[in-house]
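The structure under discussion appears below in the form of structure tokens.
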Amino acid sequence: MVDWTKAVESLEQSQPQPVYVLVGTEPLLMRWFVERLCQKAAAPGEVARPLRFSYENGGCEDAVLACQTIGLFGAGDVVVLEHCTALLQGTKVKWDTQPLEAYLEHPLPGRVFVLTAVGEQLDERKRLGKLAKRHTVVDCTTPKERMALQLLGDLARERGVVAQPAALRELWRRAQALSPCEAELEKLAAYANGQPVEVRHVRELVAERPEDNVFHWLDAVVRGDVRRAFATLADVRLAGYDALALLALMARQLRLLWMVRWYGERGETQANIAKRLGVHPYAVKTAAEQAPLWTLRRLEDLLLVVADAEFEVKSGRRDADQVLDWLVMACLAGSRPHSWAT
């Protein structure tokens with residue numbers, strides 16, 4: 001699988017390949033790649049027009065026929081078969097893929113055929129996946145922060161949005177994916193009313209992720225900020241998470257803090273910790289900022305508190321919302337109660 005940035009660089013330096021397979025979780029990167037492909041495929045002074053088909057809505061036969069029909073469109077045009085879920089792992093094949101498999105075995109020169117599949121991973125066990133791997137498979141997953149901020153700046157310019165670099169960083173921190181940022185930038189531009197988009201605009205308009213609010217909750221608790229701790233807990237509840245989901249999030253973040261602190265004391269870098277734990281580097285970065293405020297022993301005690309609380313709720317002995325409020329107070333008090341007895 002080829003990294004998106006490298007695939008774009010290769011496209012700029014050479015002629016388009018007969019087949020491209022775009023797989024990943026970022027539809028925006030797929031759209032940008034197709035646009036660049038059309039620019040490259042166009043004859044001098046002309047604009048290549050992508051012919052779009054949807055596998056989900058009609059299968060692959062029309063798209064394959066478009067590639068095979070010489071007189072239907074001019075040389076250099078691009079055929080795009082979108083939402084080709086048959087390429088992905090864990091998906092049921094909705095339409096017959098034999099025509100597509102036959103074309104991937106022997107693609108016609110002078111045509112550019114693009115398959116897009118929004119999902120985590122190409123299914124290399126299927127014959128279709130094996131045939132797709134013979135061609136250029138472009139990785140359209142969410143890029144790392146540095147590249148993401150660069151692309152986010154490109155997206156803002158494309159949309160005619162003037163945004164401060166700090167505002168784009170804050171937007172990325174909250175969104176953690178490029179595709180949702182497209183709609184958010186339009187809302188921010190309207191909200192800023194002709195002025196450059198600032199950090200305060202992002203904070204006022206773009207919602208925090210519940211996971212981020214859990215980080216903020218822990219930060220408020222460890223600093224003894226009772227008002228902010230309860231306010232953040234209320235925000236997380238309003239985001240639609242039920243009490244058990246919040247307990248799970250709390251436990252996960254406490255475990256992350258413990259592991260970041262433990263590995264950090266042993267000289268591990270944040271990048272290595274993120275790779276070892278399989279979590280996003282931003283999560284490790286934030287946890288590393290908070291971890292020095294906790295001792296390993298206190299984190300272990302709080303994990304036991306959350307485990308006990310989850311058991312009490314699941315066994316029907318305690319009301320979930322009351323337990324969450326109790327946990328805030330227990331953590332702020334800095335000590336673990338000896339029992340749940342009233």
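FYI, nothing fancy with the structure tokens labels: chains A, B, ... in order, residues from 1 per chain, ligands from 1 as they appear.
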Please produce, as JSON lines, a per-residue contact table for range 122-239 of chain A versus range 23-34 of chain A (criterion: any atom at most 7 Å away, only C-alpha atoms considered), showing the nearest atom pair and its distance in Å to one decimal, sorted by chain then residue number.
{"residue": "A:Leu122", "atom": "CA", "partner": "A:Val23", "partner_atom": "CA", "distance": 6.9}
{"residue": "A:Val138", "atom": "CA", "partner": "A:Val23", "partner_atom": "CA", "distance": 6.3}
{"residue": "A:Asp139", "atom": "CA", "partner": "A:Val23", "partner_atom": "CA", "distance": 5.6}
{"residue": "A:Cys140", "atom": "CA", "partner": "A:Gly24", "partner_atom": "CA", "distance": 4.3}
{"residue": "A:Thr141", "atom": "CA", "partner": "A:Gly24", "partner_atom": "CA", "distance": 4.4}
{"residue": "A:Thr142", "atom": "CA", "partner": "A:Glu26", "partner_atom": "CA", "distance": 6.1}
{"residue": "A:Leu178", "atom": "CA", "partner": "A:Glu26", "partner_atom": "CA", "distance": 6.7}
{"residue": "A:Ser179", "atom": "CA", "partner": "A:Leu28", "partner_atom": "CA", "distance": 5.2}
Assign secondary structure with DSSP using the backbone only, and return the residues of range 111-180 of chain A in alpha helix (DSSP H) as a PyMOL selection string.
chain A and resi 127-132+145-158+165-175+178-180
Atoms to include: N, CA and C atoms. Write the selected residues as a short mmCIF file (atom, residue, chain, number, x, y, z; two decimals), in the first residue's frame.
data_model
loop_
_atom_site.label_atom_id
_atom_site.label_comp_id
_atom_site.auth_asym_id
_atom_site.auth_seq_id
_atom_site.Cartn_x
_atom_site.Cartn_y
_atom_site.Cartn_z
N ARG A 127 -10.43 -12.92 -3.88
CA ARG A 127 -9.80 -12.83 -5.19
C ARG A 127 -9.77 -11.37 -5.66
N LEU A 128 -10.84 -10.64 -5.37
CA LEU A 128 -10.90 -9.24 -5.78
C LEU A 128 -9.78 -8.45 -5.10
N GLY A 129 -9.56 -8.71 -3.83
CA GLY A 129 -8.51 -8.01 -3.12
C GLY A 129 -7.13 -8.35 -3.65
N LYS A 130 -6.90 -9.61 -3.98
CA LYS A 130 -5.62 -10.02 -4.55
C LYS A 130 -5.38 -9.36 -5.89
N LEU A 131 -6.43 -9.26 -6.71
CA LEU A 131 -6.28 -8.60 -8.01
C LEU A 131 -6.04 -7.10 -7.83
N ALA A 132 -6.70 -6.51 -6.84
CA ALA A 132 -6.52 -5.08 -6.60
C ALA A 132 -5.08 -4.79 -6.21
N GLU A 145 -0.11 14.11 12.60
CA GLU A 145 -0.48 15.50 12.89
C GLU A 145 0.22 16.52 12.00
N ARG A 146 1.50 16.37 11.78
CA ARG A 146 2.23 17.37 11.00
C ARG A 146 1.67 17.47 9.59
N MET A 147 1.51 16.33 8.93
CA MET A 147 0.95 16.33 7.59
C MET A 147 -0.51 16.75 7.61
N ALA A 148 -1.25 16.34 8.64
CA ALA A 148 -2.66 16.69 8.72
C ALA A 148 -2.84 18.20 8.80
N LEU A 149 -2.00 18.87 9.57
CA LEU A 149 -2.11 20.33 9.68
C LEU A 149 -1.80 21.01 8.35
N GLN A 150 -0.84 20.47 7.62
CA GLN A 150 -0.51 21.01 6.30
C GLN A 150 -1.70 20.85 5.35
N LEU A 151 -2.31 19.67 5.35
CA LEU A 151 -3.46 19.42 4.49
C LEU A 151 -4.68 20.22 4.94
N LEU A 152 -4.79 20.42 6.25
CA LEU A 152 -5.90 21.23 6.77
C LEU A 152 -5.77 22.67 6.30
N GLY A 153 -4.53 23.16 6.24
CA GLY A 153 -4.31 24.49 5.68
C GLY A 153 -4.69 24.55 4.21
N ASP A 154 -4.37 23.49 3.46
CA ASP A 154 -4.77 23.42 2.05
C ASP A 154 -6.29 23.43 1.93
N LEU A 155 -6.95 22.69 2.81
CA LEU A 155 -8.41 22.63 2.78
C LEU A 155 -9.02 24.00 3.06
N ALA A 156 -8.45 24.73 4.03
CA ALA A 156 -8.95 26.07 4.34
C ALA A 156 -8.80 27.00 3.15
N ARG A 157 -7.64 26.94 2.49
CA ARG A 157 -7.44 27.79 1.31
C ARG A 157 -8.38 27.40 0.18
N GLU A 158 -8.61 26.11 0.00
CA GLU A 158 -9.53 25.64 -1.02
C GLU A 158 -10.92 26.19 -0.79
N PRO A 165 -3.14 29.76 12.35
CA PRO A 165 -2.55 28.43 12.56
C PRO A 165 -2.99 27.79 13.87
N ALA A 166 -3.08 28.59 14.93
CA ALA A 166 -3.49 28.03 16.22
C ALA A 166 -4.92 27.52 16.16
N ALA A 167 -5.77 28.19 15.37
CA ALA A 167 -7.16 27.74 15.22
C ALA A 167 -7.21 26.40 14.50
N LEU A 168 -6.36 26.23 13.48
CA LEU A 168 -6.33 24.95 12.76
C LEU A 168 -5.81 23.84 13.67
N ARG A 169 -4.84 24.15 14.51
CA ARG A 169 -4.35 23.14 15.45
C ARG A 169 -5.43 22.72 16.43
N GLU A 170 -6.20 23.70 16.90
CA GLU A 170 -7.28 23.39 17.83
C GLU A 170 -8.38 22.58 17.14
N LEU A 171 -8.67 22.93 15.89
CA LEU A 171 -9.67 22.17 15.13
C LEU A 171 -9.21 20.73 14.95
N TRP A 172 -7.93 20.55 14.63
CA TRP A 172 -7.41 19.19 14.46
C TRP A 172 -7.45 18.42 15.78
N ARG A 173 -7.12 19.10 16.86
CA ARG A 173 -7.15 18.44 18.16
C ARG A 173 -8.54 17.90 18.48
N ARG A 174 -9.56 18.64 18.09
CA ARG A 174 -10.92 18.23 18.39
C ARG A 174 -11.47 17.22 17.39
N ALA A 175 -11.10 17.36 16.12
CA ALA A 175 -11.67 16.49 15.07
C ALA A 175 -10.89 15.19 14.90
N LEU A 178 -9.48 14.44 8.88
CA LEU A 178 -9.59 15.53 7.92
C LEU A 178 -11.01 15.73 7.39
N SER A 179 -11.68 14.64 7.08
CA SER A 179 -12.98 14.74 6.41
C SER A 179 -14.01 15.54 7.20
N PRO A 180 -14.14 15.34 8.52
CA PRO A 180 -15.11 16.16 9.27
C PRO A 180 -14.75 17.64 9.30
#
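Our summary of the geometry notes that CA of Glu12 in chain A is positioned 19.3 Å from CA of Val80 in chain A.
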Identify, on the basis of only C-alpha atoms, every residue whose closest approach to range 305-322 of chain A does not exceed 9 Å; exclude the query and any residue fewer than 2 positions from it along the same chain; express the result as a list in words.
Asp242, Ala243, Leu244, Leu247, Ala248, Met250, Ala251, Glu300, Asp301, Leu302, Leu303, Leu324, Asp325, Trp326, Leu327, Ala330, Cys331, Arg336, Pro337 and Trp340 of chain A
Keeping only C-alpha atoms, write those residues as a PDB file, in the first residue's frame.
ATOM      1  CA  ASP A 242     -24.585   6.645  29.180  1.00  0.00           C
ATOM      2  CA  ALA A 243     -23.153   6.084  32.635  1.00  0.00           C
ATOM      3  CA  LEU A 244     -21.594   2.680  31.906  1.00  0.00           C
ATOM      4  CA  LEU A 247     -17.183   4.430  33.466  1.00  0.00           C
ATOM      5  CA  ALA A 248     -15.443   2.524  30.677  1.00  0.00           C
ATOM      6  CA  MET A 250     -12.691   6.722  32.751  1.00  0.00           C
ATOM      7  CA  ALA A 251     -11.094   3.332  33.303  1.00  0.00           C
ATOM      8  CA  GLU A 300      -3.982   1.989  40.825  1.00  0.00           C
ATOM      9  CA  ASP A 301      -6.346   2.923  43.671  1.00  0.00           C
ATOM     10  CA  LEU A 302      -8.602   4.873  41.325  1.00  0.00           C
ATOM     11  CA  LEU A 303      -8.724   1.976  38.877  1.00  0.00           C
ATOM     12  CA  LEU A 324     -20.390   8.874  38.682  1.00  0.00           C
ATOM     13  CA  ASP A 325     -20.944  11.867  40.938  1.00  0.00           C
ATOM     14  CA  TRP A 326     -19.594   9.866  43.866  1.00  0.00           C
ATOM     15  CA  LEU A 327     -16.487   8.957  41.871  1.00  0.00           C
ATOM     16  CA  ALA A 330     -13.891  10.270  45.813  1.00  0.00           C
ATOM     17  CA  CYS A 331     -11.130  11.232  43.406  1.00  0.00           C
ATOM     18  CA  ARG A 336     -10.356   5.457  48.326  1.00  0.00           C
ATOM     19  CA  PRO A 337     -13.273   4.600  50.626  1.00  0.00           C
ATOM     20  CA  TRP A 340     -19.661   1.122  49.412  1.00  0.00           C
TER      21      TRP A 340
END
Run DSSP on the backbone and tell me which residues of range 121-273 of chain A come out as strand (DSSP E); list them as a list in words.
Thr136, Val137, Val138 and Asp139 of chain A
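Using only C-alpha atoms for every distance, the candidate list A:Cys60, A:Ala283, A:Ala42, A:Val21 yields A:Ala283 as the residue closest to Gln176 in chain A.
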Write out as a list of chain:residue names each polymer residue whose atoms come within 9 Å of Asn57 in chain A, counting only C-alpha atoms; drop sequence neighbours fewer than 3 positions from it.
A:Phe53, A:Ser54, A:His83
Export of prior selection with C-alpha atoms as a PDB file, in the first residue's frame:
ATOM      1  CA  PHE A  53     -20.515   5.103 -10.479  1.00  0.00           C
ATOM      2  CA  SER A  54     -21.535   3.635  -7.131  1.00  0.00           C
ATOM      3  CA  HIS A  83     -18.085   2.787  -2.301  1.00  0.00           C
TER       4      HIS A  83
END
In Å to one decimal, how far is CA of Lys187 in chain A from CA of Asp212 in chain A?
21.4 Å
Leaving out Leu37 in chain A and any residue of its chain fewer than 3 positions from it, which residues lie within 8 Å of it when counting only C-alpha atoms, given as an mmCIF file with N, CA and C atoms, in the first residue's frame?
data_model
loop_
_atom_site.group_PDB
_atom_site.id
_atom_site.type_symbol
_atom_site.label_atom_id
_atom_site.label_comp_id
_atom_site.auth_asym_id
_atom_site.auth_seq_id
_atom_site.Cartn_x
_atom_site.Cartn_y
_atom_site.Cartn_z
ATOM 1 N N LEU A 11 2.381 10.592 -8.914
ATOM 2 C CA LEU A 11 1.453 10.975 -9.971
ATOM 3 C C LEU A 11 1.940 12.231 -10.691
ATOM 4 N N PRO A 16 -0.399 8.661 -15.397
ATOM 5 C CA PRO A 16 -1.302 7.877 -14.552
ATOM 6 C C PRO A 16 -1.277 6.389 -14.907
ATOM 7 N N PHE A 33 -7.295 13.091 -4.397
ATOM 8 C CA PHE A 33 -6.482 12.277 -5.299
ATOM 9 C C PHE A 33 -7.143 12.189 -6.669
ATOM 10 N N VAL A 34 -8.461 12.003 -6.703
ATOM 11 C CA VAL A 34 -9.165 11.929 -7.983
ATOM 12 C C VAL A 34 -9.046 13.257 -8.728
ATOM 13 N N LYS A 40 -4.015 15.507 -14.173
ATOM 14 C CA LYS A 40 -2.887 14.875 -14.840
ATOM 15 C C LYS A 40 -3.318 14.153 -16.115
ATOM 16 N N ALA A 41 -4.514 13.562 -16.078
ATOM 17 C CA ALA A 41 -4.975 12.768 -17.215
ATOM 18 C C ALA A 41 -5.481 13.621 -18.366
ATOM 19 N N VAL A 78 -11.437 9.818 -16.609
ATOM 20 C CA VAL A 78 -11.256 8.965 -15.451
ATOM 21 C C VAL A 78 -12.594 8.362 -15.045
#
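Between Ala291 in chain A and the candidates A:Ala102, A:Ala192, A:Leu256, A:Cys181, the tightest atom-to-atom separation, counting only C-alpha atoms, involves A:Leu256.
A straight line drawn from CA of Glu198 in chain A to CA of Arg159 in chain A is 16.2 Å long.
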Could you check the closest approach to Asp235 in chain A for each of A:Asp96, A:Asp77, A:Glu208, A:Asp62 and tell me which residue wins, using only C-alpha atoms?
A:Glu208
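Candidate residues A:Leu277, A:Val137, A:Val226, A:Leu238 were compared for distance to Lys6 in chain A, and the nearest is A:Val137, using only C-alpha atoms.
Distance annotation: of A:Phe230, A:Leu205, A:Leu254, A:Glu124, the residue with the minimal separation from Trp217 in chain A is A:Phe230; atom set is only C-alpha atoms.
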